[in-house]
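Remarks on the structure that follows.
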Amino acid sequence: MADAAQRLAALAEEVLGAPLPIRIRAWDHSETGPPHTPVLVVRRRRALRRLLWKPGELGLARAWVAGDLDVEGDLYDALDRLAGLLWERGEASASRRSKAVAALKALRDPALRSAVRTLAGLAGPGLPPAPPREEARRAPRGPLHTLRRDKEAISHHYDVGNDFYELVLGPSMVYSCAYWEGTEADGATLEDAQRAKLDLVCRKLALRPGQRLLDVGCGWGSMVLHAAREYGVRAVGITLSQEQAAYARKRVADAGLTDRVEIRVQDYREIADGPYDAISSIGMAEHVGSARYAEYAADLYALLKPGGRLLNHQIARRPEPDEEAYHVDEFIDRYVFPDGELAPVGRTVTQLEEAGFEVRDVEAIREHYALTLRRWVANLEAHWKQAVRLTSPGRARVWRLYMAASALSFERNRIGVNQVLAVRTPEGGASGMPLRARDWRG
């Protein structure tokens, strides 16, 4: 079968309705497609069996993670060229009922049945390959966003080794969008931009010496360390990751701040030692879920003293025509953030206000996240062999694809990220906010 690439290209064009915009190379070394473009490499016929048994994104994801599929050349360019054919064809907005109807119609389509037979012939005989071990287990675990299930989901994403995260994130150990005050051409490092983001949050919260700060989803402790060291607060950081907590506690001890910073393995629903003067939640609310978001907002409101400020830093998606049809794509759910959910920023603002907050400022910084992700991808690629040793080839491949695709999504306005500043305004209406917008000192 010395023409596998040509047959695959013809099959893809028949199914997708357009020729593949990149070259394709098959396991038999045959190659076809437009010149001077990235190359989609089908290393093993097993990749096709994965697609037969799990058509669509999950089959592609499993083939990528297992190394059955690869890309030679610029990964960003390849993803950008393929996005219109594979990920922007309207499937995400379709309801389950409409998808089921479409699937039944497809089964009666002679052309599609012929394409499946062709794919089966190219794939060769064999049972469905087992999913890569990096895939999150999907055994029934009860309702979404219980204390136990959330802890399992957080562990899947964060407990993959602090050494691995050091390679990707760099010395700042901040796993959220940095804040680029100039441009990359100005020579700002990732560490500079992360420090600027932490300081921006502190200034928006108007932190002062002696205040109590709660950092929800504290990661490796960077926010509480910065706030305690630079602003003199007493800080509590909470995380559900044992590995993060151990790392953060060591950083706190090394900095000589154990008298002012406490790191807990604790869920936000279990905190009972309020009130706090300020709360930061940076890149954590994506794990809360729509069913629990009202509870999350109400809990944080209750933990703040009157006049206290909340800074909620959260990734947002574009609104769907049918919000009931929204679901997280399968690659993200199975390999990156199990049970994670994104909401439009308008919905987030509404739910914070419904909990009693007065929302005072919303700053959209999606371009900053694209720059941040490209730096993380560059870090991973520069330390690829070490990253593979620290985790696994599959885990490193998950992170490379997830971060590169996310960078493009931020650049193309498919998703965004926003800092929402809200106040638990007292009944008398004195918010403590400055009259001039963006003068955070108060």
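Ordering of the structure tokens sets the chain letters (A, B, ...); residue numbers start at 1 within each chain; ligands are numbered from 1 in the order shown.
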
Close residues, Glu381 of chain A itself excluded, 10 Å, only C-alpha atoms, min 4 positions apart in chain, as a VMD selection string: chain A and resid 167 to 168 375 to 377 385 to 387 396 400

Neighbours of Ala316 of chain A within 7 Å (only C-alpha atoms; same-chain residues fewer than 2 positions away dropped), as a short mmCIF file (atom, residue, chain, number, x, y, z; two decimals) with N, CA, C and O atoms, in the first residue's frame?
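Final output, selection01.cif:
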data_model
loop_
_atom_site.label_atom_id
_atom_site.label_comp_id
_atom_site.auth_asym_id
_atom_site.auth_seq_id
_atom_site.Cartn_x
_atom_site.Cartn_y
_atom_site.Cartn_z
N GLN A 314 -10.53 34.99 35.49
CA GLN A 314 -11.19 33.78 34.98
C GLN A 314 -11.22 33.77 33.46
O GLN A 314 -11.53 34.77 32.82
N ARG A 318 -16.98 32.43 24.43
CA ARG A 318 -18.00 33.21 23.74
C ARG A 318 -19.37 32.63 24.06
O ARG A 318 -19.52 31.42 24.26
N LEU A 342 -16.23 26.56 31.14
CA LEU A 342 -16.07 27.99 30.91
C LEU A 342 -17.44 28.64 30.78
O LEU A 342 -18.40 28.00 30.32
N ALA A 343 -17.51 29.90 31.16
CA ALA A 343 -18.77 30.66 31.05
C ALA A 343 -18.48 31.99 30.36
O ALA A 343 -17.37 32.51 30.44
N PRO A 344 -19.46 32.57 29.69
CA PRO A 344 -19.29 33.92 29.16
C PRO A 344 -19.09 34.90 30.31
O PRO A 344 -19.63 34.73 31.40
N VAL A 345 -18.32 35.96 30.07
CA VAL A 345 -18.01 36.91 31.13
C VAL A 345 -19.28 37.59 31.65
O VAL A 345 -19.38 37.89 32.85
N ILE A 415 -11.73 32.37 22.86
CA ILE A 415 -11.88 32.44 24.31
C ILE A 415 -11.16 33.70 24.79
O ILE A 415 -10.35 34.29 24.06
N GLY A 416 -11.48 34.13 25.99
CA GLY A 416 -10.86 35.32 26.57
C GLY A 416 -10.53 35.08 28.03
O GLY A 416 -10.77 34.00 28.57
N VAL A 417 -9.98 36.09 28.67
CA VAL A 417 -9.72 36.02 30.11
C VAL A 417 -9.96 37.41 30.67
O VAL A 417 -9.60 38.41 30.04
#

Computed interatomic separation between atom CA of Lys305 of chain A and atom CA of Gly274 of chain A (Å):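 That distance, rounded to one decimal, is 7.8 Å.
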
Distance query segment 247-251 of chain A at most 7 Å, only C-alpha atoms, self and fewer than 6 positions along chain excluded, as a list in words: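 Once the nearby chain positions are removed, what remains is Trp220, Gly221 and Ile263 of chain A.
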
Those same residues - C-alpha atoms - I'd like them written as a PDB file, in the first residue's frame.
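Below is the file that was written, part23.pdb:
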ATOM      1  CA  TRP A 220       2.466  27.027  44.161  1.00  0.00           C
ATOM      2  CA  GLY A 221       2.073  30.039  46.442  1.00  0.00           C
ATOM      3  CA  ILE A 263      -0.987  27.131  52.945  1.00  0.00           C
TER       4      ILE A 263
END

Minimum-distance residue to Pro426 of chain A, chosen among A:His36, A:Arg309, A:Arg208, A:Arg117 (using only C-alpha atoms): A:Arg309

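Minimum distance to His313 of chain A across A:Trp53, A:Trp27, A:Tyr369, A:Trp384 (counting only C-alpha atoms) occurs at A:Tyr369.
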
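Relative to atom CA of Gly67 of chain A, atom CA of Leu82 of chain A is found at 18.5 Å.
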
Backbone DSSP call of strand (DSSP E) for segment 236-428 of chain A, listed as an MDAnalysis selection string: chainID A and resid 236:239 261:265 276:282 304:317 358:364 415:423

Backbone DSSP call of alpha helix (DSSP H) for segment 218-428 of chain A, listed as a PyMOL selection string: chain A and resi 222-231+242-254+293-303+330-331+345-354+366-382+384-390+393-411

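Neighbouring residues of Val362 of chain A at 10 Å or closer, counting only C-alpha atoms and skipping chain neighbours under 2 positions away, are A:Leu311, A:Asn312, A:His313, A:Val345, A:Val349, A:Val359, A:Arg360, A:Ala364, A:Ile365, A:Asn418, A:Gln419, A:Val420, A:Leu421, A:Ala422.
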
Using the selection just defined, write its residues with all heavy atoms as a CSV table (one decimal), in the first residue's frame.
chain,number,residue,atom,x,y,z
A,311,LEU,N,-11.1,39.9,43.7
A,311,LEU,CA,-10.5,39.9,42.3
A,311,LEU,C,-10.6,38.5,41.8
A,311,LEU,O,-10.0,37.6,42.2
A,311,LEU,CB,-9.1,40.4,42.3
A,311,LEU,CG,-8.4,40.7,41.0
A,311,LEU,CD1,-8.1,39.5,40.1
A,311,LEU,CD2,-9.3,41.7,40.2
A,312,ASN,N,-11.5,38.4,40.8
A,312,ASN,CA,-11.8,37.1,40.2
A,312,ASN,C,-11.2,37.1,38.8
A,312,ASN,O,-11.7,37.8,37.9
A,312,ASN,CB,-13.3,36.9,40.1
A,312,ASN,CG,-13.7,35.4,39.7
A,312,ASN,OD1,-13.6,34.5,40.4
A,312,ASN,ND2,-14.1,35.3,38.4
A,313,HIS,N,-10.2,36.3,38.6
A,313,HIS,CA,-9.4,36.3,37.3
A,313,HIS,C,-9.8,34.9,36.6
A,313,HIS,O,-9.5,33.9,37.1
A,313,HIS,CB,-7.9,36.3,37.6
A,313,HIS,CG,-7.0,36.2,36.5
A,313,HIS,ND1,-6.1,37.2,36.1
A,313,HIS,CD2,-6.8,35.2,35.6
A,313,HIS,CE1,-5.4,36.8,35.1
A,313,HIS,NE2,-5.8,35.5,34.7
A,345,VAL,N,-18.3,36.0,30.1
A,345,VAL,CA,-18.0,36.9,31.1
A,345,VAL,C,-19.3,37.6,31.7
A,345,VAL,O,-19.4,37.9,32.9
A,345,VAL,CB,-17.0,38.0,30.7
A,345,VAL,CG1,-17.5,38.8,29.5
A,345,VAL,CG2,-16.5,38.8,31.8
A,349,VAL,N,-20.3,37.9,35.6
A,349,VAL,CA,-20.7,39.2,36.3
A,349,VAL,C,-22.0,39.1,36.9
A,349,VAL,O,-22.3,39.5,38.1
A,349,VAL,CB,-20.6,40.3,35.3
A,349,VAL,CG1,-21.2,41.6,35.9
A,349,VAL,CG2,-19.1,40.6,34.9
A,359,VAL,N,-20.1,44.8,41.2
A,359,VAL,CA,-19.0,44.7,40.2
A,359,VAL,C,-18.5,46.1,39.8
A,359,VAL,O,-19.3,46.9,39.3
A,359,VAL,CB,-19.4,43.9,39.0
A,359,VAL,CG1,-18.3,43.9,38.0
A,359,VAL,CG2,-19.6,42.4,39.5
A,360,ARG,N,-17.2,46.4,40.0
A,360,ARG,CA,-16.7,47.7,39.8
A,360,ARG,C,-15.8,47.9,38.6
A,360,ARG,O,-15.6,49.0,38.0
A,360,ARG,CB,-16.0,48.2,41.0
A,360,ARG,CG,-16.8,48.4,42.3
A,360,ARG,CD,-17.9,49.4,42.0
A,360,ARG,NE,-17.4,50.7,41.7
A,360,ARG,CZ,-17.5,51.8,42.4
A,360,ARG,NH1,-18.1,51.7,43.6
A,360,ARG,NH2,-17.0,53.0,42.0
A,364,ALA,N,-10.4,43.0,30.3
A,364,ALA,CA,-10.2,41.9,29.4
A,364,ALA,C,-8.7,41.9,29.0
A,364,ALA,O,-8.2,42.9,28.5
A,364,ALA,CB,-11.1,42.1,28.2
A,365,ILE,N,-8.1,40.8,29.2
A,365,ILE,CA,-6.6,40.7,28.9
A,365,ILE,C,-6.3,39.4,28.1
A,365,ILE,O,-5.2,38.8,28.3
A,365,ILE,CB,-5.8,40.7,30.2
A,365,ILE,CG1,-6.3,39.6,31.2
A,365,ILE,CG2,-5.9,42.1,30.9
A,365,ILE,CD1,-5.4,39.5,32.5
A,418,ASN,N,-10.6,37.5,31.8
A,418,ASN,CA,-11.0,38.7,32.4
A,418,ASN,C,-10.7,38.8,33.9
A,418,ASN,O,-10.8,37.8,34.6
A,418,ASN,CB,-12.5,38.9,32.2
A,418,ASN,CG,-12.9,38.8,30.8
A,418,ASN,OD1,-12.8,39.7,30.0
A,418,ASN,ND2,-13.4,37.6,30.4
A,419,GLN,N,-10.3,40.0,34.3
A,419,GLN,CA,-10.2,40.3,35.8
A,419,GLN,C,-11.4,41.1,36.2
A,419,GLN,O,-11.6,42.2,35.7
A,419,GLN,CB,-8.9,41.0,36.1
A,419,GLN,CG,-7.7,40.2,36.0
A,419,GLN,CD,-6.4,40.8,36.6
A,419,GLN,OE1,-6.5,42.0,36.9
A,419,GLN,NE2,-5.4,40.1,36.7
A,420,VAL,N,-12.2,40.5,37.0
A,420,VAL,CA,-13.4,41.1,37.5
A,420,VAL,C,-13.2,41.6,39.0
A,420,VAL,O,-12.9,40.7,39.8
A,420,VAL,CB,-14.7,40.2,37.5
A,420,VAL,CG1,-15.9,40.9,38.0
A,420,VAL,CG2,-14.9,39.7,36.0
A,421,LEU,N,-13.3,42.9,39.2
A,421,LEU,CA,-13.1,43.4,40.5
A,421,LEU,C,-14.5,43.7,41.1
A,421,LEU,O,-15.3,44.5,40.5
A,421,LEU,CB,-12.3,44.7,40.5
A,421,LEU,CG,-12.0,45.4,41.9
A,421,LEU,CD1,-11.2,44.5,42.8
A,421,LEU,CD2,-11.3,46.7,41.7
A,422,ALA,N,-14.8,43.1,42.3
A,422,ALA,CA,-16.1,43.3,42.9
A,422,ALA,C,-15.9,43.6,44.4
A,422,ALA,O,-14.9,43.3,45.0
A,422,ALA,CB,-16.9,42.0,42.7

Atom pair atom CA of Leu200 of chain A / atom CA of Tyr179 of chain A: separation (Å): 8.3 Å
